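my_file.cif, holding mmCIF, C-alpha atoms:
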```cif
data_entry
loop_
_atom_site.group_PDB
_atom_site.id
_atom_site.type_symbol
_atom_site.label_atom_id
_atom_site.label_comp_id
_atom_site.auth_asym_id
_atom_site.auth_seq_id
_atom_site.Cartn_x
_atom_site.Cartn_y
_atom_site.Cartn_z
ATOM 1 C CA TRP A 922 -28.226 36.987 -65.132
ATOM 2 C CA TRP A 923 -31.013 39.359 -64.035
ATOM 3 C CA ASP A 924 -30.853 38.192 -60.403
ATOM 4 C CA SER A 925 -27.060 38.635 -60.178
ATOM 5 C CA ALA A 926 -27.299 42.167 -61.610
ATOM 6 C CA ALA A 927 -30.091 43.210 -59.261
ATOM 7 C CA GLU A 928 -28.401 41.838 -56.109
ATOM 8 C CA PRO A 929 -25.616 44.497 -55.790
ATOM 9 C CA ALA A 930 -28.142 47.289 -56.258
ATOM 10 C CA GLU A 931 -30.314 45.824 -53.511
ATOM 11 C CA LYS A 932 -27.313 45.533 -51.126
ATOM 12 C CA LYS A 933 -26.310 49.114 -51.896
ATOM 13 C CA LYS A 934 -29.805 50.320 -51.124
ATOM 14 C CA THR A 935 -29.840 48.450 -47.804
ATOM 15 C CA THR A 936 -26.440 49.862 -46.811
ATOM 16 C CA THR A 937 -27.551 53.408 -47.653
ATOM 17 C CA LYS A 938 -30.656 53.012 -45.539
ATOM 18 C CA LYS A 939 -28.654 51.834 -42.513
ATOM 19 C CA LYS A 940 -26.295 54.809 -42.753
ATOM 20 C CA ALA A 941 -29.168 57.266 -42.960
ATOM 21 C CA SER A 942 -30.820 55.858 -39.822
ATOM 22 C CA ARG A 943 -27.664 56.214 -37.692
ATOM 23 C CA PRO A 944 -27.955 59.146 -35.223
ATOM 24 C CA ILE A 945 -25.585 62.040 -35.815
ATOM 25 C CA GLY A 946 -23.005 63.038 -33.236
ATOM 26 C CA GLY A 947 -23.995 60.537 -30.586
ATOM 27 C CA PRO A 948 -22.158 57.671 -28.907
ATOM 28 C CA GLY A 949 -24.001 54.470 -29.798
ATOM 29 C CA PRO A 950 -27.770 54.598 -30.260
ATOM 30 C CA VAL A 951 -28.355 57.869 -28.402
ATOM 31 C CA GLY A 952 -26.597 61.235 -28.368
ATOM 32 C CA MET A 953 -27.121 64.935 -29.017
ATOM 33 C CA ARG A 954 -27.942 64.274 -32.721
ATOM 34 C CA ASP A 955 -26.413 67.496 -33.944
ATOM 35 C CA ARG A 956 -23.596 67.700 -36.483
ATOM 36 C CA ARG A 957 -22.000 70.582 -34.608
ATOM 37 C CA VAL A 958 -21.421 68.487 -31.473
ATOM 38 C CA GLN A 959 -18.034 66.800 -31.403
ATOM 39 C CA SER A 960 -17.982 63.234 -30.176
ATOM 40 C CA ALA A 961 -15.509 64.069 -27.388
ATOM 41 C CA GLN A 962 -17.981 66.627 -25.953
ATOM 42 C CA GLU A 963 -20.833 64.142 -25.605
ATOM 43 C CA PRO A 964 -21.470 63.670 -21.841
ATOM 44 C CA GLY A 965 -21.418 59.891 -22.218
ATOM 45 C CA ASN A 966 -18.031 60.011 -23.924
ATOM 46 C CA GLU A 967 -16.704 62.500 -21.365
ATOM 47 C CA LEU A 968 -17.652 60.017 -18.634
ATOM 48 C CA ARG A 969 -15.962 57.181 -20.507
ATOM 49 C CA GLU A 970 -12.787 59.248 -20.867
ATOM 50 C CA LEU A 971 -12.809 60.056 -17.150
ATOM 51 C CA LEU A 972 -13.250 56.386 -16.195
ATOM 52 C CA GLU A 973 -10.430 55.302 -18.497
ATOM 53 C CA GLY A 974 -8.029 58.107 -17.594
ATOM 54 C CA SER A 975 -8.365 58.408 -13.805
ATOM 55 C CA ASP A 976 -8.209 55.413 -11.486
ATOM 56 C CA TRP A 977 -8.217 57.539 -8.333
ATOM 57 C CA GLY A 978 -11.966 58.126 -8.505
ATOM 58 C CA LEU A 979 -12.577 54.387 -8.780
ATOM 59 C CA LEU A 980 -10.767 53.624 -5.523
ATOM 60 C CA GLY A 981 -12.376 53.183 -2.143
ATOM 61 C CA PHE A 982 -12.395 55.962 0.432
ATOM 62 C CA PRO A 983 -9.397 54.642 2.453
ATOM 63 C CA SER A 984 -7.307 54.136 -0.700
ATOM 64 C CA ILE A 985 -7.935 57.696 -1.883
ATOM 65 C CA LEU A 986 -6.973 59.037 1.536
ATOM 66 C CA LEU A 987 -3.741 57.015 1.451
ATOM 67 C CA ARG A 988 -2.795 58.629 -1.855
ATOM 68 C CA PHE A 989 -3.518 62.100 -0.518
ATOM 69 C CA ALA A 990 -1.491 61.256 2.593
ATOM 70 C CA ALA A 991 1.422 60.145 0.378
ATOM 71 C CA ILE A 992 1.319 63.510 -1.409
ATOM 72 C CA TYR A 993 1.146 65.276 1.954
ATOM 73 C CA VAL A 994 4.214 63.454 3.265
ATOM 74 C CA ALA A 995 6.242 63.734 0.038
ATOM 75 C CA VAL A 996 5.672 67.459 -0.483
ATOM 76 C CA GLY A 997 5.917 68.124 3.247
ATOM 77 C CA GLY A 998 9.288 66.363 3.305
ATOM 78 C CA LEU A 999 10.447 68.551 0.439
ATOM 79 C CA GLY A 1000 9.325 71.615 2.377
ATOM 80 C CA TRP A 1001 11.263 70.372 5.405
ATOM 81 C CA LEU A 1002 14.442 70.075 3.337
ATOM 82 C CA LEU A 1003 13.981 73.499 1.735
ATOM 83 C CA SER A 1004 13.524 75.136 5.135
ATOM 84 C CA ASP A 1005 16.772 73.754 6.512
ATOM 85 C CA ASN A 1006 19.209 76.249 8.046
ATOM 86 C CA TYR A 1007 21.518 77.767 5.435
ATOM 87 C CA ASP A 1008 23.958 80.630 4.927
ATOM 88 C CA THR A 1009 22.819 83.796 3.163
ATOM 89 C CA TYR A 1010 25.384 86.558 2.598
ATOM 90 C CA ASN A 1011 27.640 84.768 5.103
ATOM 91 C CA GLU A 1012 24.955 84.985 7.781
ATOM 92 C CA LEU A 1013 23.321 81.864 9.168
ATOM 93 C CA LEU A 1014 19.572 81.864 8.690
ATOM 94 C CA THR A 1015 18.102 79.799 11.490
ATOM 95 C CA ILE A 1016 14.511 78.561 11.340
ATOM 96 C CA PRO A 1017 13.252 77.121 14.632
ATOM 97 C CA LEU A 1018 11.997 73.545 14.701
ATOM 98 C CA ALA A 1019 8.334 74.464 15.237
ATOM 99 C CA LYS A 1020 8.413 76.768 12.240
ATOM 100 C CA ARG A 1021 10.031 74.151 10.029
ATOM 101 C CA VAL A 1022 7.388 71.604 11.002
ATOM 102 C CA THR A 1023 4.466 73.943 10.324
ATOM 103 C CA LEU A 1024 5.988 75.166 7.071
ATOM 104 C CA ALA A 1025 6.456 71.597 5.864
ATOM 105 C CA ALA A 1026 2.893 70.786 6.926
ATOM 106 C CA LEU A 1027 1.638 73.826 5.007
ATOM 107 C CA PHE A 1028 3.357 72.648 1.812
ATOM 108 C CA GLY A 1029 1.996 69.120 2.216
ATOM 109 C CA GLY A 1030 -1.501 70.273 3.142
ATOM 110 C CA PHE A 1031 -1.906 72.517 0.141
ATOM 111 C CA ALA A 1032 -0.410 69.969 -2.258
ATOM 112 C CA SER A 1033 -2.853 67.255 -1.152
ATOM 113 C CA PHE A 1034 -5.724 69.767 -1.196
ATOM 114 C CA PHE A 1035 -5.090 70.820 -4.790
ATOM 115 C CA SER A 1036 -4.875 67.165 -5.816
ATOM 116 C CA ALA A 1037 -8.215 66.533 -4.128
ATOM 117 C CA LEU A 1038 -9.692 69.649 -5.714
ATOM 118 C CA ARG A 1039 -8.665 68.482 -9.180
ATOM 119 C CA LEU A 1040 -10.210 65.049 -8.614
ATOM 120 C CA PHE A 1041 -13.391 66.491 -7.130
ATOM 121 C CA GLY A 1042 -13.740 69.046 -9.925
ATOM 122 C CA ALA A 1043 -13.466 66.391 -12.650
ATOM 123 C CA TRP A 1044 -16.230 64.240 -11.174
ATOM 124 C CA LYS A 1045 -18.410 67.227 -10.311
ATOM 125 C CA TYR A 1046 -18.163 68.460 -13.905
ATOM 126 C CA ILE A 1047 -19.273 65.105 -15.322
ATOM 127 C CA ASP A 1048 -22.090 64.942 -12.772
ATOM 128 C CA ALA A 1049 -23.407 68.328 -13.920
ATOM 129 C CA ARG A 1050 -23.064 67.455 -17.619
ATOM 130 C CA LEU A 1051 -25.098 64.298 -17.171
ATOM 131 C CA GLU A 1052 -27.742 65.973 -15.010
ATOM 132 C CA ASP A 1053 -28.377 69.146 -17.049
ATOM 133 C CA THR A 1054 -30.726 68.957 -20.009
ATOM 134 C CA ASN A 1055 -29.326 72.078 -21.702
ATOM 135 C CA LEU A 1056 -25.586 71.951 -22.382
ATOM 136 C CA TYR A 1057 -22.891 74.202 -23.788
ATOM 137 C CA PHE A 1058 -20.763 72.970 -26.693
ATOM 138 C CA GLU A 1059 -17.975 74.384 -28.832
ATOM 139 C CA GLN A 1060 -17.232 73.551 -32.450
ATOM 140 C CA THR A 1061 -13.691 74.948 -32.589
ATOM 141 C CA GLY A 1062 -13.533 77.356 -29.603
ATOM 142 C CA TRP A 1063 -15.459 79.837 -27.485
ATOM 143 C CA ALA A 1064 -16.226 82.022 -30.531
ATOM 144 C CA ASP A 1065 -18.596 79.426 -31.990
ATOM 145 C CA GLY A 1066 -19.979 78.022 -28.745
ATOM 146 C CA PHE A 1067 -23.673 77.244 -28.496
ATOM 147 C CA GLN A 1068 -26.328 75.859 -26.157
ATOM 148 C CA LEU A 1069 -28.266 72.729 -27.061
ATOM 149 C CA ASP A 1070 -31.118 70.825 -25.430
ATOM 150 C CA LYS A 1071 -30.719 67.087 -24.979
ATOM 151 C CA PRO A 1072 -33.173 64.793 -26.785
ATOM 152 C CA ASP A 1073 -35.503 63.087 -24.325
ATOM 153 C CA ASP A 1074 -33.972 59.619 -24.716
ATOM 154 C CA THR A 1075 -30.467 61.032 -24.336
ATOM 155 C CA ALA A 1076 -31.491 62.922 -21.186
ATOM 156 C CA PHE A 1077 -32.973 59.706 -19.781
ATOM 157 C CA ARG A 1078 -29.801 57.755 -20.622
ATOM 158 C CA ASP A 1079 -27.625 60.411 -19.003
ATOM 159 C CA ARG A 1080 -29.717 60.420 -15.819
ATOM 160 C CA LEU A 1081 -29.260 56.656 -15.535
ATOM 161 C CA LEU A 1082 -25.503 57.009 -16.060
ATOM 162 C CA ARG A 1083 -25.359 59.703 -13.411
ATOM 163 C CA ASP A 1084 -27.335 57.698 -10.847
ATOM 164 C CA GLU A 1085 -25.544 54.395 -11.431
ATOM 165 C CA GLU A 1086 -21.990 55.373 -12.368
ATOM 166 C CA VAL A 1087 -21.238 58.900 -11.154
ATOM 167 C CA ALA A 1088 -23.270 59.568 -8.000
ATOM 168 C CA PRO A 1089 -21.730 56.735 -5.896
ATOM 169 C CA ARG A 1090 -18.194 57.682 -7.024
ATOM 170 C CA LEU A 1091 -18.795 61.385 -6.481
ATOM 171 C CA ALA A 1092 -19.963 60.711 -2.925
ATOM 172 C CA VAL A 1093 -16.671 58.943 -2.111
ATOM 173 C CA VAL A 1094 -14.570 61.605 -3.845
ATOM 174 C CA THR A 1095 -16.463 64.374 -2.012
ATOM 175 C CA ARG A 1096 -15.733 62.814 1.382
ATOM 176 C CA ALA A 1097 -12.047 62.524 0.520
ATOM 177 C CA PHE A 1098 -12.034 66.121 -0.714
ATOM 178 C CA TYR A 1099 -13.407 67.423 2.585
ATOM 179 C CA VAL A 1100 -10.788 65.457 4.534
ATOM 180 C CA ALA A 1101 -8.038 67.007 2.393
ATOM 181 C CA LEU A 1102 -9.623 70.433 2.862
ATOM 182 C CA LEU A 1103 -9.673 69.950 6.634
ATOM 183 C CA ALA A 1104 -6.021 68.859 6.666
ATOM 184 C CA ALA A 1105 -5.008 71.904 4.617
ATOM 185 C CA ALA A 1106 -7.017 74.231 6.877
ATOM 186 C CA LEU A 1107 -5.430 72.796 10.039
ATOM 187 C CA SER A 1108 -1.957 73.039 8.511
ATOM 188 C CA PHE A 1109 -2.559 76.645 7.540
ATOM 189 C CA ALA A 1110 -3.931 77.506 10.984
ATOM 190 C CA ALA A 1111 -0.908 75.923 12.681
ATOM 191 C CA PHE A 1112 1.420 77.809 10.349
ATOM 192 C CA LEU A 1113 -0.223 81.159 11.156
ATOM 193 C CA LEU A 1114 -0.265 80.444 14.873
ATOM 194 C CA VAL A 1115 3.401 79.475 15.133
ATOM 195 C CA TRP A 1116 4.837 82.057 12.768
ATOM 196 C CA SER A 1117 2.806 84.955 14.160
ATOM 197 C CA ASN A 1118 3.770 84.219 17.759
ATOM 198 C CA THR A 1119 7.513 83.689 17.308
ATOM 199 C CA GLY A 1120 8.381 86.206 14.629
ATOM 200 C CA GLY A 1121 10.420 85.571 11.493
ATOM 201 C CA PRO A 1122 13.579 83.544 10.951
ATOM 202 C CA SER A 1123 16.620 84.708 12.894
#
```

Mind turning the file's structure into structure tokens?
Amino acid sequence: WWDSAAEPAEKKKTTTKKKASRPIGGPGPVGMRDRRVQSAQEPGNELRELLEGSDWGLLGFPSILLRFAAIYVAVGGLGWLLSDNYDTYNELLTIPLAKRVTLAALFGGFASFFSALRLFGAWKYIDARLEDTNLYFEQTGWADGFQLDKPDDTAFRDRLLRDEEVAPRLAVVTRAFYVALLAAALSFAAFLLVWSNTGGPS
């Protein structure tokens, strides 16, 4: 009878000890260890969310470029349709072919650029969060934001994640971003050249 009565107390003590040894606020065995830090703001969890929510950054360089090219063509085609000749106040507004082409290219170039910028910004943000040892967090909003130093083991874990998971992906995304930037710049230059030399629509 004595052994059966003492057994639940011993199990309860063991369970309490395990809960007390669990780090606060961190994903798995390492984290920021501060009650104010929300789990979603942990750099490791932010990386996990990015990997699960965006497959573009996991693609190879040619595949990313194909997706940007698809955006370029789709939005450029929409720009081509919108710039078609039409009547305004019973007067035909005529846009020359060269202007329609450069206007469509401008729409497509900027659409693909902003898509690339969004992708690049997401990976660059995670890269900085994993690299920095002093991070900014918010409990409920900017009014209660605070800075916090990473524990040494968390900083070491984050550096490994950055080197193994983020850096190779960021390099590919950066190359694709610069290609999209170049395409947008060329489209904008062609638009300025054509429209400045031939005047406005007739």

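Each of A:Ile1016, A:Leu1082, A:Val994, A:Leu986 was checked against Glu1052 of chain A using only C-alpha atoms; the smallest atom-to-atom distance is that of A:Leu1082.
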
Residues within 12 Å of Ala1097 of chain A, please, as a PDB file with C-alpha atoms, keeping the file's coordinate frame. Count all atoms listed in the file; anything in the same chain fewer than 5 positions from it doesn't count.
```pdb
ATOM      1  CA  TRP A 977      -8.217  57.539  -8.333  1.00  0.00           C
ATOM      2  CA  GLY A 978     -11.966  58.126  -8.505  1.00  0.00           C
ATOM      3  CA  LEU A 980     -10.767  53.624  -5.523  1.00  0.00           C
ATOM      4  CA  GLY A 981     -12.376  53.183  -2.143  1.00  0.00           C
ATOM      5  CA  PHE A 982     -12.395  55.962   0.432  1.00  0.00           C
ATOM      6  CA  PRO A 983      -9.397  54.642   2.453  1.00  0.00           C
ATOM      7  CA  SER A 984      -7.307  54.136  -0.700  1.00  0.00           C
ATOM      8  CA  ILE A 985      -7.935  57.696  -1.883  1.00  0.00           C
ATOM      9  CA  LEU A 986      -6.973  59.037   1.536  1.00  0.00           C
ATOM     10  CA  LEU A 987      -3.741  57.015   1.451  1.00  0.00           C
ATOM     11  CA  ARG A 988      -2.795  58.629  -1.855  1.00  0.00           C
ATOM     12  CA  PHE A 989      -3.518  62.100  -0.518  1.00  0.00           C
ATOM     13  CA  ALA A 990      -1.491  61.256   2.593  1.00  0.00           C
ATOM     14  CA  SER A1033      -2.853  67.255  -1.152  1.00  0.00           C
ATOM     15  CA  PHE A1034      -5.724  69.767  -1.196  1.00  0.00           C
ATOM     16  CA  SER A1036      -4.875  67.165  -5.816  1.00  0.00           C
ATOM     17  CA  ALA A1037      -8.215  66.533  -4.128  1.00  0.00           C
ATOM     18  CA  LEU A1038      -9.692  69.649  -5.714  1.00  0.00           C
ATOM     19  CA  ARG A1039      -8.665  68.482  -9.180  1.00  0.00           C
ATOM     20  CA  LEU A1040     -10.210  65.049  -8.614  1.00  0.00           C
ATOM     21  CA  PHE A1041     -13.391  66.491  -7.130  1.00  0.00           C
ATOM     22  CA  ARG A1090     -18.194  57.682  -7.024  1.00  0.00           C
ATOM     23  CA  LEU A1091     -18.795  61.385  -6.481  1.00  0.00           C
ATOM     24  CA  ALA A1092     -19.963  60.711  -2.925  1.00  0.00           C
ATOM     25  CA  LEU A1102      -9.623  70.433   2.862  1.00  0.00           C
ATOM     26  CA  LEU A1103      -9.673  69.950   6.634  1.00  0.00           C
ATOM     27  CA  ALA A1104      -6.021  68.859   6.666  1.00  0.00           C
TER      28      ALA A1104
END
```

Evaluate the PyMOL selection byres ((chain A and resi 1054-1058) around 6) and report residues as a ChimeraX atom specification
/A:1053,1059,1066-1071

For Asp976 of chain A, which residue out of A:Phe1077, A:Ala1105, A:Trp1044, A:Asp1005 is the nearest one, using all atoms listed in the file?
A:Trp1044

Please write as an NGL selection string the full residue list that the PyMOL selection byres ((chain A and resi 996) around 8) yields on this file.
:A and (992-995 or 997-1000 or 1025 or 1028-1029 or 1032)

I need the residues from that last selection saved to file as a PDB file, in the coordinates of the input (with C-alpha atoms), if you can.
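Generated file (result_27.pdb):
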```
ATOM      1  CA  ILE A 992       1.319  63.510  -1.409  1.00  0.00           C
ATOM      2  CA  TYR A 993       1.146  65.276   1.954  1.00  0.00           C
ATOM      3  CA  VAL A 994       4.214  63.454   3.265  1.00  0.00           C
ATOM      4  CA  ALA A 995       6.242  63.734   0.038  1.00  0.00           C
ATOM      5  CA  GLY A 997       5.917  68.124   3.247  1.00  0.00           C
ATOM      6  CA  GLY A 998       9.288  66.363   3.305  1.00  0.00           C
ATOM      7  CA  LEU A 999      10.447  68.551   0.439  1.00  0.00           C
ATOM      8  CA  GLY A1000       9.325  71.615   2.377  1.00  0.00           C
ATOM      9  CA  ALA A1025       6.456  71.597   5.864  1.00  0.00           C
ATOM     10  CA  PHE A1028       3.357  72.648   1.812  1.00  0.00           C
ATOM     11  CA  GLY A1029       1.996  69.120   2.216  1.00  0.00           C
ATOM     12  CA  ALA A1032      -0.410  69.969  -2.258  1.00  0.00           C
TER      13      ALA A1032
END
```

Residue contacts of Trp1116 of chain A (12 Å, all atoms listed in the file) excluding same-chain residues fewer than 4 positions away, as a ChimeraX atom specification
/A:1016-1024,1027,1109-1112,1120-1122

Would you compute an axis-aligned box for segment 1056-1069 of chain A, covering every atom listed for it in the file with 6 Å of margin on each side, and report centre and edge lengths in Å to one decimal as JSON?
```
{"center_x": -20.9, "center_y": 77.0, "center_z": -27.5, "size_x": 26.7, "size_y": 22.1, "size_z": 22.2}
```

Carefully work through the PyMOL selection byres ((chain A and resi 962) around 10) for this structure and note down the residues it includes, as a short mmCIF file (atom, residue, chain, number, x, y, z; two decimals) with C-alpha atoms, in the frame of the given file.
```cif
data_model
loop_
_atom_site.label_atom_id
_atom_site.label_comp_id
_atom_site.auth_asym_id
_atom_site.auth_seq_id
_atom_site.Cartn_x
_atom_site.Cartn_y
_atom_site.Cartn_z
CA GLY A 946 -23.00 63.04 -33.24
CA GLY A 947 -24.00 60.54 -30.59
CA MET A 953 -27.12 64.94 -29.02
CA VAL A 958 -21.42 68.49 -31.47
CA GLN A 959 -18.03 66.80 -31.40
CA SER A 960 -17.98 63.23 -30.18
CA ALA A 961 -15.51 64.07 -27.39
CA GLU A 963 -20.83 64.14 -25.60
CA PRO A 964 -21.47 63.67 -21.84
CA GLY A 965 -21.42 59.89 -22.22
CA ASN A 966 -18.03 60.01 -23.92
CA GLU A 967 -16.70 62.50 -21.36
CA LEU A 968 -17.65 60.02 -18.63
CA ARG A 1050 -23.06 67.46 -17.62
CA LEU A 1056 -25.59 71.95 -22.38
CA TYR A 1057 -22.89 74.20 -23.79
CA PHE A 1058 -20.76 72.97 -26.69
CA GLU A 1059 -17.98 74.38 -28.83
CA GLN A 1060 -17.23 73.55 -32.45
#
```

How many Å separate atom CA of Leu979 of chain A from atom CA of Gly1030 of chain A?
22.7 Å

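Across the structure, atom CA of Leu1107 of chain A and atom CA of Ala1026 of chain A are spaced 9.1 Å apart.
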
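Rounded to one decimal, atom CA of Leu971 of chain A and atom CA of Ala1106 of chain A lie 28.5 Å from each other.
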
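With distances restricted to all atoms listed in the file, A:Ile1047 is the closest residue to Val1087 of chain A from A:Arg969, A:Arg957, A:Thr1015, A:Ile1047.
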
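Comparing the minimum interatomic distances between Thr1095 of chain A and each of A:Arg1078, A:Leu1114, A:Ala1064, A:Lys1045, counting only C-alpha atoms, we find that A:Lys1045 sits nearest.
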
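Residue nearest Arg1080 of chain A, chosen from A:Arg1096, A:Trp1001, A:Ala1049, A:Glu970 and counting only C-alpha atoms: A:Ala1049.
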
Write only C-alpha atoms for segment 1045-1058 of chain A from the block just shown, as a PDB file, in the first residue's frame.
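In the end it all went to decode_2.pdb:
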```pdb
ATOM      1  CA  LYS A1045      17.256  38.904 -46.956  1.00  0.00           C
ATOM      2  CA  TYR A1046      15.209  39.562 -43.813  1.00  0.00           C
ATOM      3  CA  ILE A1047      15.620  35.983 -42.579  1.00  0.00           C
ATOM      4  CA  ASP A1048      19.334  36.115 -43.390  1.00  0.00           C
ATOM      5  CA  ALA A1049      19.759  39.221 -41.225  1.00  0.00           C
ATOM      6  CA  ARG A1050      17.670  37.788 -38.371  1.00  0.00           C
ATOM      7  CA  LEU A1051      19.798  34.663 -38.243  1.00  0.00           C
ATOM      8  CA  GLU A1052      23.087  36.552 -38.518  1.00  0.00           C
ATOM      9  CA  ASP A1053      22.489  39.335 -35.962  1.00  0.00           C
ATOM     10  CA  THR A1054      23.071  38.586 -32.299  1.00  0.00           C
ATOM     11  CA  ASN A1055      20.881  41.453 -31.055  1.00  0.00           C
ATOM     12  CA  LEU A1056      17.304  41.369 -32.346  1.00  0.00           C
ATOM     13  CA  TYR A1057      14.169  43.474 -32.125  1.00  0.00           C
ATOM     14  CA  PHE A1058      10.940  41.883 -30.889  1.00  0.00           C
TER      15      PHE A1058
END
```
